[in-house]
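Engineer: Take this structure, written in structure tokens, and hold onto it; I'll ask about it next.
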Amino acid sequence: MSEAVVHIIDDDAAMRDSLAFLLQVNRIPYRIFESAVAFLEDLPEDGGCVLSDVRMPQMNGIQMVRKLKELDYRAPIIVMTGHADVPLAIEAMKAGVFDFIEKPFDEDLLLQALRAALEKGKAQSEQDEALATTRQRIAALSPRERDVLEGLVDGKANKIIAFDLGISPRTVEIYRANLMTKMQARSLSELVRMALSVRG
């Protein structure tokens, strides 16, 4: 997994420089974008998080948040807002941002929010990766193995699955053992949990 990066988006050059300096001093990797449009054109794939101003020309922070949601971009987003823009920040929270910080902000408070967002981004990334792996493993199953898996997820006993599929209970046991190996599940509950995770 690549290193988690804070993506700074602000049209104010002085603010960008100040944030870049703060992150550099605290050894937090960052990238800088001078507009939401520039960020969307070069959308990063790593976990990380986004730190964006709310008021920007071309596309404001809330429009960007909505666009990112459409694109299923899942990294946490923190918006920065001037005192007069608090209603905008509340709107941003409703649109799904992780947090908002009022300017001028306390540096420790900002760093705390960024670290929390990076942690959440990392967890989200790991979850997405696990989901992708589970999908690949299910795709590699034979149609019959998938039928048996469906029966197990529905809570059916081996005998019932065997009856439904017109095979012997012993054959179901063999398929079940194959499923555990192919899905790399350590228990039946883990196997069921994996299968349910891709249904959502």
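Chain labels follow the order of the structure tokens: the first chain is A, the next B, and so on; residue numbering restarts at 1 in every chain, and ligands are counted from 1 in their shown order.
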Would you pick out the contacts of Ala89 in chain A at 8 Å or less, using only C-alpha atoms, so that residues sharing its chain but fewer than 5 positions from it are not included, and give the list as a count of residues only?

Structural biologist: 5

Engineer: Which residues are close to Leu111 in chain A, i.e. within 9 Å by only C-alpha atoms, leaving aside same-chain residues fewer than 4 positions away? Reply as a list in words.

Structural biologist: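 Within the cut-off, the hits are Leu22, Leu23, Asn26, Asp106, Glu107, Arg115 and Ala116 of chain A.
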
Engineer: What does the file look like for those residues with N, CA, C and O atoms, as a CSV table (one decimal), in the first residue's frame?

Structural biologist:
chain,number,residue,atom,x,y,z
A,22,LEU,N,3.8,23.4,7.4
A,22,LEU,CA,3.4,22.7,8.7
A,22,LEU,C,3.5,21.2,8.5
A,22,LEU,O,4.0,20.5,9.4
A,23,LEU,N,3.1,20.7,7.4
A,23,LEU,CA,3.1,19.2,7.2
A,23,LEU,C,4.5,18.7,7.0
A,23,LEU,O,4.9,17.6,7.5
A,26,ASN,N,6.1,18.4,10.3
A,26,ASN,CA,5.6,17.2,11.0
A,26,ASN,C,5.7,15.9,10.3
A,26,ASN,O,5.1,14.9,10.7
A,106,ASP,N,-6.1,26.5,14.8
A,106,ASP,CA,-5.0,26.1,15.8
A,106,ASP,C,-4.2,24.9,15.1
A,106,ASP,O,-4.9,23.9,14.6
A,107,GLU,N,-2.9,25.1,15.0
A,107,GLU,CA,-2.1,24.1,14.2
A,107,GLU,C,-2.3,22.7,14.8
A,107,GLU,O,-2.4,21.7,14.1
A,115,ARG,N,-4.5,13.7,11.2
A,115,ARG,CA,-4.0,12.3,11.6
A,115,ARG,C,-5.2,11.4,11.7
A,115,ARG,O,-5.1,10.2,11.3
A,116,ALA,N,-6.3,11.9,12.3
A,116,ALA,CA,-7.5,11.1,12.4
A,116,ALA,C,-8.0,10.7,11.0
A,116,ALA,O,-8.4,9.5,10.8

Engineer: For range 187-199 of chain A, please output as a list in words all residues within 7 Å (counting only C-alpha atoms; exclusion window: fewer than 5 positions along the same chain).

Structural biologist: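 Once the adjacent positions are removed, what remains is Leu131, Thr134, Arg135, Val153 and Met180 of chain A.
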
Engineer: Skipping near chain neighbours, those fewer than 5 positions away, what residues fall within 12 Å of Lys67 in chain A using only C-alpha atoms, listed as an MDAnalysis selection string?

Structural biologist: chainID A and resid 36:37 39:41 43 59:62 72:74 95:96

Engineer: Taking into account only C-alpha atoms, which residue in the set A:Phe105, A:Lys156, A:Cys49, A:Pro143 is nearest to Ser18 in chain A?

Structural biologist: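 Checking each candidate against Ser18 in chain A, we get A:Phe105 as the closest.
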
Engineer: Which polymer residues have any atom within 12 Å of an atom of Ser142 in chain A, counting only C-alpha atoms, with same-chain residues fewer than 4 positions away left out, as a ChimeraX atom specification?

Structural biologist: /A:137-138,146-149,175,178-179,182

Engineer: What's the 8 Å shell around Ile77 in chain A, counting only C-alpha atoms, without same-chain residues fewer than 6 positions away, as a ChimeraX atom specification?

Structural biologist: /A:49-52,65,97-99,117

Engineer: Write the residues of the preceding selection, restricted to N, CA, C and O atoms, as an mmCIF file, in the first residue's frame.

Structural biologist:
data_model
loop_
_atom_site.group_PDB
_atom_site.id
_atom_site.type_symbol
_atom_site.label_atom_id
_atom_site.label_comp_id
_atom_site.auth_asym_id
_atom_site.auth_seq_id
_atom_site.Cartn_x
_atom_site.Cartn_y
_atom_site.Cartn_z
ATOM 1 N N CYS A 49 -5.838 11.489 2.679
ATOM 2 C CA CYS A 49 -7.022 12.298 2.931
ATOM 3 C C CYS A 49 -6.902 13.604 2.153
ATOM 4 O O CYS A 49 -5.856 13.905 1.577
ATOM 5 N N VAL A 50 -7.982 14.371 2.145
ATOM 6 C CA VAL A 50 -8.033 15.638 1.397
ATOM 7 C C VAL A 50 -8.259 16.766 2.395
ATOM 8 O O VAL A 50 -9.105 16.650 3.283
ATOM 9 N N LEU A 51 -7.488 17.851 2.245
ATOM 10 C CA LEU A 51 -7.688 19.064 3.037
ATOM 11 C C LEU A 51 -7.978 20.179 2.044
ATOM 12 O O LEU A 51 -7.107 20.573 1.274
ATOM 13 N N SER A 52 -9.230 20.642 2.031
ATOM 14 C CA SER A 52 -9.620 21.589 0.987
ATOM 15 C C SER A 52 -10.289 22.834 1.552
ATOM 16 O O SER A 52 -11.038 22.764 2.536
ATOM 17 N N VAL A 65 -16.844 17.958 -3.243
ATOM 18 C CA VAL A 65 -17.204 16.816 -2.400
ATOM 19 C C VAL A 65 -18.291 15.987 -3.087
ATOM 20 O O VAL A 65 -18.218 14.755 -3.135
ATOM 21 N N VAL A 97 -18.395 15.204 4.287
ATOM 22 C CA VAL A 97 -16.989 15.415 4.655
ATOM 23 C C VAL A 97 -16.714 14.838 6.047
ATOM 24 O O VAL A 97 -17.621 14.683 6.863
ATOM 25 N N PHE A 98 -15.465 14.541 6.300
ATOM 26 C CA PHE A 98 -15.039 13.916 7.546
ATOM 27 C C PHE A 98 -15.058 14.930 8.692
ATOM 28 O O PHE A 98 -15.426 14.620 9.817
ATOM 29 N N ASP A 99 -14.638 16.167 8.390
ATOM 30 C CA ASP A 99 -14.521 17.190 9.431
ATOM 31 C C ASP A 99 -14.411 18.556 8.777
ATOM 32 O O ASP A 99 -14.131 18.665 7.583
ATOM 33 N N ALA A 117 -8.002 11.665 10.097
ATOM 34 C CA ALA A 117 -8.477 11.418 8.723
ATOM 35 C C ALA A 117 -7.568 10.423 8.010
ATOM 36 O O ALA A 117 -8.039 9.550 7.284
#

Engineer: Out of A:Arg66, A:Pro29, A:Ser168, A:Asp12, which residue has the shortest atom-to-atom distance to Glu91 in chain A when counting only C-alpha atoms?

Structural biologist: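 The answer is A:Arg66, which sits nearest to Glu91 in chain A.
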
Engineer: Just list the residues in range 77-187 of chain A DSSP gives helix (DSSP H, G or I) on the backbone, as a PyMOL selection string.

Structural biologist: chain A and resi 83-95+107-139+143-153+158-165+169-183
